[in-house]
file target.cif (mmCIF, C-alpha atoms and all ligand atoms)
data_model
#
loop_
_atom_site.label_atom_id
_atom_site.label_comp_id
_atom_site.auth_asym_id
_atom_site.auth_seq_id
_atom_site.Cartn_x
_atom_site.Cartn_y
_atom_site.Cartn_z
CA MET A 129 160.45 82.70 232.51
CA GLU A 130 160.70 81.47 228.94
CA GLU A 131 160.03 83.36 225.73
CA ILE A 132 157.95 81.56 223.10
CA HIS A 133 158.03 82.43 219.44
CA ASP A 134 155.42 82.38 216.75
CA ALA A 135 154.94 83.95 213.33
CA LEU A 136 151.78 85.58 214.68
CA PHE A 137 153.63 87.25 217.55
CA GLU A 138 156.23 88.54 215.10
CA GLU A 139 153.62 89.87 212.72
CA LYS A 140 151.88 91.72 215.56
CA GLN A 141 155.16 92.74 217.22
CA ILE A 142 154.24 91.16 220.52
CA SER A 143 156.62 89.39 222.92
CA VAL A 144 155.20 86.45 224.87
CA PHE A 145 156.91 84.92 227.89
CA VAL A 146 155.69 81.93 229.84
CA LYS A 147 156.16 81.84 233.61
CA ARG A 148 156.81 78.13 234.05
CA ASP A 149 155.19 77.47 237.41
CA ASP A 150 154.37 74.05 235.97
CA LEU A 151 158.03 73.21 236.62
CA ILE A 152 157.83 73.84 240.39
CA HIS A 153 157.21 70.17 241.12
CA PRO A 154 155.84 67.19 239.15
CA ILE A 155 152.90 66.72 241.52
CA ILE A 156 152.35 69.85 243.61
CA SER A 157 152.50 71.75 240.40
CA GLY A 158 151.97 75.36 239.51
CA ASN A 159 149.59 77.44 241.49
CA LYS A 160 148.63 74.52 243.74
CA TRP A 161 151.90 74.79 245.63
CA ARG A 162 151.69 78.58 245.74
CA LYS A 163 148.23 78.26 247.27
CA LEU A 164 148.97 75.42 249.71
CA ARG A 165 152.21 76.73 251.14
CA GLU A 166 150.73 79.13 253.66
CA TYR A 167 148.23 76.54 254.89
CA ILE A 168 150.94 73.94 255.42
CA GLN A 169 153.12 76.45 257.23
CA PHE A 170 150.20 77.54 259.41
CA ALA A 171 149.48 73.90 260.27
CA GLN A 172 153.11 73.28 261.19
CA LEU A 173 153.36 76.38 263.37
CA ASN A 174 150.09 75.73 265.17
CA GLY A 175 150.31 72.02 265.92
CA ILE A 176 147.57 71.14 263.47
CA LYS A 177 147.55 67.44 262.72
CA GLN A 178 145.07 67.19 259.91
CA ILE A 179 143.87 69.16 256.88
CA ILE A 180 140.39 68.64 255.42
CA SER A 181 139.45 69.86 251.98
CA PHE A 182 136.96 69.43 249.15
CA GLY A 183 137.05 68.70 245.45
CA GLY A 184 135.75 66.82 242.45
CA ALA A 185 137.05 63.39 241.41
CA TYR A 186 139.73 65.00 239.21
CA SER A 187 140.62 67.90 241.52
CA ASN A 188 144.22 69.08 241.04
CA HIS A 189 143.91 70.76 244.42
CA LEU A 190 143.05 67.57 246.35
CA TYR A 191 145.73 65.68 244.44
CA ALA A 192 148.39 68.24 245.39
CA LEU A 193 147.09 68.39 248.97
CA ALA A 194 147.31 64.59 249.34
CA PHE A 195 150.94 64.62 248.24
CA ALA A 196 151.95 67.72 250.19
CA THR A 197 150.42 66.64 253.49
CA LYS A 198 152.04 63.22 253.13
CA ALA A 199 155.40 64.90 252.50
CA PHE A 200 155.03 67.15 255.56
CA GLY A 201 153.66 64.47 257.87
CA ILE A 202 150.17 65.91 258.22
CA LYS A 203 147.02 63.78 257.95
CA SER A 204 144.62 64.67 255.18
CA VAL A 205 140.94 64.15 254.47
CA GLY A 206 139.51 64.61 250.99
CA ILE A 207 135.77 65.15 250.70
CA VAL A 208 134.91 64.20 247.12
CA ARG A 209 131.79 65.19 245.18
CA GLY A 210 129.77 62.13 244.10
CA GLU A 211 128.54 59.39 246.43
CA GLU A 212 128.60 56.89 243.54
CA LEU A 213 132.39 57.11 243.38
CA ASN A 214 135.02 55.17 245.30
CA THR A 215 138.80 55.11 245.69
CA ASN A 216 139.11 52.99 242.55
CA SER A 217 137.06 55.25 240.31
CA ASN A 218 140.12 56.81 238.69
CA PRO A 219 143.92 56.56 238.96
CA TYR A 220 144.19 59.93 240.73
CA LEU A 221 141.88 58.88 243.53
CA GLU A 222 143.81 55.61 243.81
CA GLN A 223 147.05 57.56 244.05
CA MET A 224 145.61 59.93 246.67
CA LYS A 225 144.56 56.93 248.72
CA ALA A 226 148.08 55.53 248.37
CA TRP A 227 149.37 58.80 249.84
CA ASP A 228 147.10 58.08 252.83
CA MET A 229 144.45 60.67 252.12
CA ASP A 230 141.27 59.64 253.90
CA LEU A 231 138.70 59.90 251.09
CA HIS A 232 134.97 60.38 251.66
CA PHE A 233 132.47 60.39 248.82
CA ILE A 234 129.35 62.45 249.41
CA SER A 235 126.21 63.33 247.46
CA ARG A 236 126.08 66.43 245.33
CA SER A 237 123.66 68.14 247.69
CA ASN A 238 125.82 67.45 250.74
CA TYR A 239 128.80 68.59 248.74
CA GLN A 240 127.04 71.80 247.85
CA ALA A 241 126.52 72.38 251.57
CA LYS A 242 130.18 71.42 252.22
CA GLN A 243 129.01 68.92 254.78
CA ILE A 244 131.81 67.04 256.51
CA PRO A 245 130.70 63.43 257.20
CA GLU A 246 130.26 62.56 260.89
CA ALA A 247 132.82 59.81 260.55
CA VAL A 248 135.56 62.43 260.08
CA PRO A 249 137.23 63.42 263.37
CA GLN A 250 137.75 67.17 263.40
CA ALA A 251 139.95 67.80 266.41
CA ASN A 252 143.20 69.67 265.69
CA SER A 253 142.22 70.12 262.13
CA LEU A 254 142.28 72.84 259.49
CA ASN A 255 139.66 73.17 256.75
CA ILE A 256 140.62 74.45 253.32
CA ALA A 257 137.84 75.50 250.97
CA GLU A 258 137.20 73.84 247.63
CA GLY A 259 140.01 74.43 245.13
CA GLY A 260 142.18 75.85 247.93
CA PHE A 261 140.40 79.19 247.81
CA GLY A 262 141.06 81.46 250.79
CA ASN A 263 143.10 84.25 252.25
CA LYS A 264 146.18 82.10 252.79
CA ALA A 265 146.11 81.02 249.16
CA ILE A 266 145.95 84.64 248.07
CA VAL A 267 148.87 85.53 250.34
CA GLY A 268 150.90 82.66 248.84
CA ILE A 269 150.56 84.22 245.39
CA ALA A 270 152.49 87.32 246.54
CA GLU A 271 155.72 85.32 246.23
CA LEU A 272 154.88 84.66 242.59
CA SER A 273 154.28 88.37 242.00
CA LYS A 274 157.76 89.16 243.32
CA GLU A 275 159.32 86.67 240.91
CA ILE A 276 157.40 88.13 237.99
CA GLU A 277 158.27 91.72 238.93
CA SER A 278 161.98 90.88 239.15
CA PHE A 279 162.00 89.61 235.56
CA LYS A 280 161.71 92.68 233.33
CA SER A 281 159.23 95.35 232.49
CA LEU A 282 156.03 93.72 231.37
CA ASP A 283 152.79 95.20 230.12
CA TYR A 284 150.39 92.34 230.68
CA LEU A 285 150.00 89.20 232.69
CA ILE A 286 147.44 86.63 231.60
CA CYS A 287 146.29 83.70 233.74
CA PRO A 288 143.41 81.21 233.90
CA ILE A 289 140.71 81.57 236.57
CA GLY A 290 139.21 78.62 238.47
CA THR A 291 138.24 79.70 241.98
CA GLY A 292 140.01 83.00 241.28
CA ALA A 293 142.48 82.70 244.19
CA THR A 294 145.45 83.01 241.85
CA TYR A 295 143.92 85.89 239.92
CA LEU A 296 142.89 87.81 243.05
CA GLY A 297 146.29 87.19 244.59
CA LEU A 298 147.95 88.68 241.52
CA CYS A 299 145.57 91.64 241.51
CA GLN A 300 146.52 92.27 245.11
CA SER A 301 150.27 91.97 244.86
CA LEU A 302 151.51 92.44 241.29
CA GLN A 303 152.43 96.04 240.61
CA GLY A 304 152.62 97.88 237.33
CA VAL A 305 151.26 95.14 235.10
CA LYS A 306 147.77 94.83 233.60
CA ILE A 307 146.26 91.53 234.68
CA ILE A 308 143.90 89.62 232.42
CA GLY A 309 142.07 86.61 233.85
CA ILE A 310 140.58 84.05 231.49
CA LEU A 311 137.46 82.44 232.95
CA THR A 312 137.22 78.66 232.63
CA LEU A 313 133.79 78.42 234.25
CA ASN A 314 130.80 80.74 234.26
CA ASN A 315 131.65 82.13 237.70
CA LYS A 316 132.33 85.79 237.01
CA ALA A 317 129.74 86.98 239.56
CA GLU A 318 131.34 84.83 242.26
CA ILE A 319 134.81 86.23 241.51
CA GLU A 320 133.45 89.77 241.63
CA GLY A 321 131.71 89.03 244.93
CA ASN A 322 134.94 87.67 246.43
CA SER A 323 136.82 90.68 245.15
CA GLN A 324 134.43 93.00 246.98
CA GLU A 325 134.41 90.93 250.13
CA LEU A 326 138.21 90.76 250.29
CA GLY A 327 138.68 94.37 249.21
CA ILE A 328 140.87 93.42 246.25
CA PRO A 329 140.05 95.49 243.16
CA ILE A 330 139.99 93.30 240.08
CA GLN A 331 141.14 94.17 236.61
CA THR A 332 140.04 92.56 233.34
CA ILE A 333 138.10 89.31 233.49
CA ASN A 334 137.50 87.79 230.08
CA ASP A 335 134.58 85.36 229.71
CA GLN A 336 134.96 84.69 225.98
CA TYR A 337 136.87 81.41 226.30
CA VAL A 338 134.76 79.41 228.75
CA PHE A 339 133.50 77.22 225.87
CA GLY A 340 130.47 75.01 226.34
CA LYS A 341 130.33 71.37 227.16
CA TYR A 342 129.79 70.38 223.53
CA ALA A 343 132.10 67.74 222.13
CA LYS A 344 133.01 69.87 219.12
CA GLN A 345 134.30 72.68 221.31
CA ALA A 346 136.20 70.23 223.49
CA ASN A 347 137.88 68.91 220.32
CA VAL A 348 138.95 72.42 219.40
CA LEU A 349 140.67 72.80 222.78
CA ASP A 350 142.24 69.34 222.71
CA SER A 351 143.77 69.88 219.29
CA PHE A 352 144.89 73.39 220.26
CA CYS A 353 146.75 71.91 223.25
CA GLU A 354 148.41 69.31 221.03
CA GLN A 355 149.51 71.87 218.47
CA PHE A 356 150.80 74.16 221.20
CA HIS A 357 152.86 71.32 222.64
CA GLN A 358 154.32 70.46 219.23
CA LYS A 359 155.19 74.06 218.50
CA HIS A 360 156.60 75.15 221.86
CA GLN A 361 157.54 71.91 223.62
CA ILE A 362 155.42 73.00 226.60
CA LYS A 363 152.59 70.74 227.74
CA ILE A 364 149.25 72.35 228.48
CA GLU A 365 145.86 70.85 229.36
CA PRO A 366 142.46 71.85 227.97
CA ILE A 367 140.76 72.92 231.21
CA TYR A 368 142.89 75.85 232.40
CA THR A 369 146.09 76.59 230.52
CA GLY A 370 144.58 75.45 227.20
CA ARG A 371 141.79 77.99 227.51
CA MET A 372 144.22 80.68 228.57
CA PHE A 373 146.63 80.18 225.66
CA TYR A 374 143.73 79.78 223.23
CA GLY A 375 142.42 83.11 224.49
CA LEU A 376 145.85 84.70 224.30
CA TYR A 377 146.31 83.68 220.65
CA ASP A 378 142.82 84.92 219.84
CA LEU A 379 143.33 88.27 221.58
CA ILE A 380 146.64 88.76 219.76
CA THR A 381 144.99 87.88 216.44
CA LYS A 382 142.26 90.43 217.14
CA ASP A 383 144.81 93.19 217.92
CA PHE A 384 143.80 93.50 221.56
CA PHE A 385 147.45 94.31 222.39
CA LYS A 386 149.36 97.30 221.02
CA PRO A 387 152.50 96.52 218.97
CA GLY A 388 155.51 96.37 221.25
CA SER A 389 153.54 94.83 224.15
CA GLN A 390 155.35 92.43 226.45
CA ILE A 391 153.06 89.74 227.81
CA VAL A 392 153.66 87.04 230.37
CA ALA A 393 151.37 84.01 230.45
CA LEU A 394 151.26 82.17 233.76
CA HIS A 395 151.53 78.40 233.29
CA THR A 396 149.60 77.24 236.33
CA GLY A 397 150.52 73.56 235.90
CA GLY A 398 147.86 70.88 235.97
CA ILE A 399 149.78 68.23 234.01
CA LYS A 400 149.42 65.06 236.07
CA ASP A 401 151.38 62.53 234.01
C1 LIG B 501 143.49 74.88 240.03
C2 LIG B 501 144.04 75.36 238.75
C3 LIG B 501 143.75 76.65 238.27
C4 LIG B 501 142.78 77.57 238.94
O1 LIG B 501 143.37 78.35 239.91
P1 LIG B 501 142.48 79.25 240.89
O2 LIG B 501 143.44 79.84 241.82
O3 LIG B 501 141.52 78.33 241.57
O4 LIG B 501 141.75 80.23 240.05
C5 LIG B 501 144.39 77.07 237.12
N1 LIG B 501 145.21 76.26 236.45
C6 LIG B 501 145.48 75.00 236.86
C7 LIG B 501 146.38 74.16 236.04
C8 LIG B 501 144.90 74.52 238.02
O5 LIG B 501 145.16 73.26 238.41
#
call {"tool": "encode", "arguments": {"input": "target.cif", "output": "structure tokens"}}
result
Amino acid sequence: MEEIHDALFEEKQISVFVKRDDLIHPIISGNKWRKLREYIQFAQLNGIKQIISFGGAYSNHLYALAFATKAFGIKSVGIVRGEELNTNSNPYLEQMKAWDMDLHFISRSNYQAKQIPEAVPQANSLNIAEGGFGNKAIVGIAELSKEIESFKSLDYLICPIGTGATYLGLCQSLQGVKIIGILTLNNKAEIEGNSQELGIPIQTINDQYVFGKYAKQANVLDSFCEQFHQKHQIKIEPIYTGRMFYGLYDLITKDFFKPGSQIVALHTGGIKD
């Protein structure tokens, strides 16, 4: 847990701490390890030999899974969205292949249906949903909540939302702290649906920092991430943590938080270099 300083925070009398889950491991970074842990343990305890999961060509989840399964001696299969791709399409896919992940590239419609190709043997195997979403991922986040609670009294926790596993896990296990999730995709309805299905009441979900796909908005995020790095010596990326910190600065600027508030921002990792 690391405090960051800024003239803005001082002016508004706000304390901001960063929970550095990005430092957990250079590859299985941030929330990806929190979410995978229970699955790996389950596989080990139940004689499961292979884990199958899904993701896009740049999926942090599949990347972490490829490394983790290799490290724990479990086979892995990555079902990747986009039949036009191959193992050489980007350095991450190449690296995943080098870690012995069995990669399969499928069409967008088959991906939508989460269709596992017939060529993939499925005996003794565990399936993990896209992005690692699932009950075991949510359970894994409880450990994180304990670490945060042991730190000091905090008023707010802010984190980015992808599938929402991290956010829902925090809503389930983190006591006495208001939890703000910053959406990175337009999937609020899906998160709310999962919250109902799993019986986990959600707190504040903020959809003001999703940004569009326009180049100009992407530039805003890219330069924000660069400035943030220069100022605080903490690397962030534009997809998740960039949006979260951008949102945090904006909310502080707009006096969303009362003076004296103590906020922790969860650095969920995602830096692959
Ligand atoms: C995957 C990822 C997220 C999203 O986490 P969810 O639990 O899917 O909401 C957030 N930040 C980073 C850096 C990620 O890689």
call {"tool": "residues_around", "arguments": {"input": "target.cif", "residues": "segment 207-210 of chain A", "least_positions_apart": "3", "cutoff": "12 Å", "atoms": "only C-alpha atoms", "output": "ChimeraX atom specification"}}
result
/A:179-187,189-191,193-194,204,213-215,217,221,224,229-248,255-259
call {"tool": "closest_residue", "arguments": {"input": "target.cif", "among": "A:Lys280, A:Arg162, A:Lys177, A:Lys344", "to": "Val267 of chain A", "atoms": "all atoms listed in the file"}}
result
A:Arg162
call {"tool": "residues_near_ligand", "arguments": {"input": "target.cif", "ligand": "ligand LIG 501 (chain B)", "cutoff": "7 Å", "atoms": "all atoms listed in the file", "output": "PyMOL selection string"}}
result
chain A and resi 158-160+188-189+259-261+288-295+368-369+396-398
call {"tool": "atom_distance", "arguments": {"input": "target.cif", "atom1": "atom CA of Lys163 of chain A", "atom2": "atom CA of Val205 of chain A"}}
result
17.4 Å
call {"tool": "residues_around", "arguments": {"input": "target.cif", "residues": "Glu320 of chain A", "least_positions_apart": "5", "cutoff": "12 Å", "atoms": "only C-alpha atoms", "output": "list in words"}}
result
Thr291, Gly292, Ala293, Tyr295, Leu296, Asn314, Asn315, Glu325, Leu326, Gly327, Ile328, Pro329, Ile330, Gln331, Thr332 and Ile333 of chain A
call {"tool": "residues_near_point", "arguments": {"input": "target.cif", "point": "(159.8, 85.9, 237.1)", "cutoff": "12 Å", "atoms": "all atoms listed in the file", "output": "JSON, numbers by chain"}}
result
{"A": [129, 130, 131, 145, 146, 147, 148, 149, 271, 272, 273, 274, 275, 276, 277, 278, 279, 280, 281, 282, 285, 302, 392, 393, 394, 395]}
call {"tool": "atom_distance", "arguments": {"input": "target.cif", "atom1": "atom CA of Ile202 of chain A", "atom2": "atom CA of Gln178 of chain A"}}
result
5.5 Å
call {"tool": "atom_distance", "arguments": {"input": "target.cif", "atom1": "atom CA of Ile269 of chain A", "atom2": "atom CA of Tyr337 of chain A"}}
result
23.7 Å
call {"tool": "closest_residue", "arguments": {"input": "target.cif", "among": "A:Ile155, A:Ile310, A:Ile319, A:Cys299", "to": "Cys287 of chain A", "atoms": "all atoms listed in the file"}}
result
A:Ile310
call {"tool": "closest_residue", "arguments": {"input": "target.cif", "among": "A:Gly201, A:Gly388, A:Gly321, A:Gly268", "to": "Gln300 of chain A", "atoms": "only C-alpha atoms"}}
result
A:Gly268
call {"tool": "closest_residue", "arguments": {"input": "target.cif", "among": "A:Arg165, A:Lys225, A:Pro366, A:Pro219", "to": "Gly206 of chain A", "atoms": "all atoms listed in the file"}}
result
A:Lys225
call {"tool": "axis_aligned_box", "arguments": {"input": "target.cif", "around": "segment 336-342 of chain A", "padding_each_side": "6 Å", "output": "JSON"}}
result
{"center_x": 133.3, "center_y": 77.5, "center_z": 226.1, "size_x": 19.1, "size_y": 26.3, "size_z": 17.2}
call {"tool": "residues_near_point", "arguments": {"input": "target.cif", "point": "(150.0, 77.2, 260.9)", "cutoff": "12 Å", "atoms": "only C-alpha atoms", "output": "list in words"}}
result
Leu164, Arg165, Glu166, Tyr167, Ile168, Gln169, Phe170, Ala171, Gln172, Leu173, Asn174, Gly175, Ile176, Lys177, Gln178, Ile179, Ile202, Asn252, Ser253, Leu254, Asn255 and Lys264 of chain A
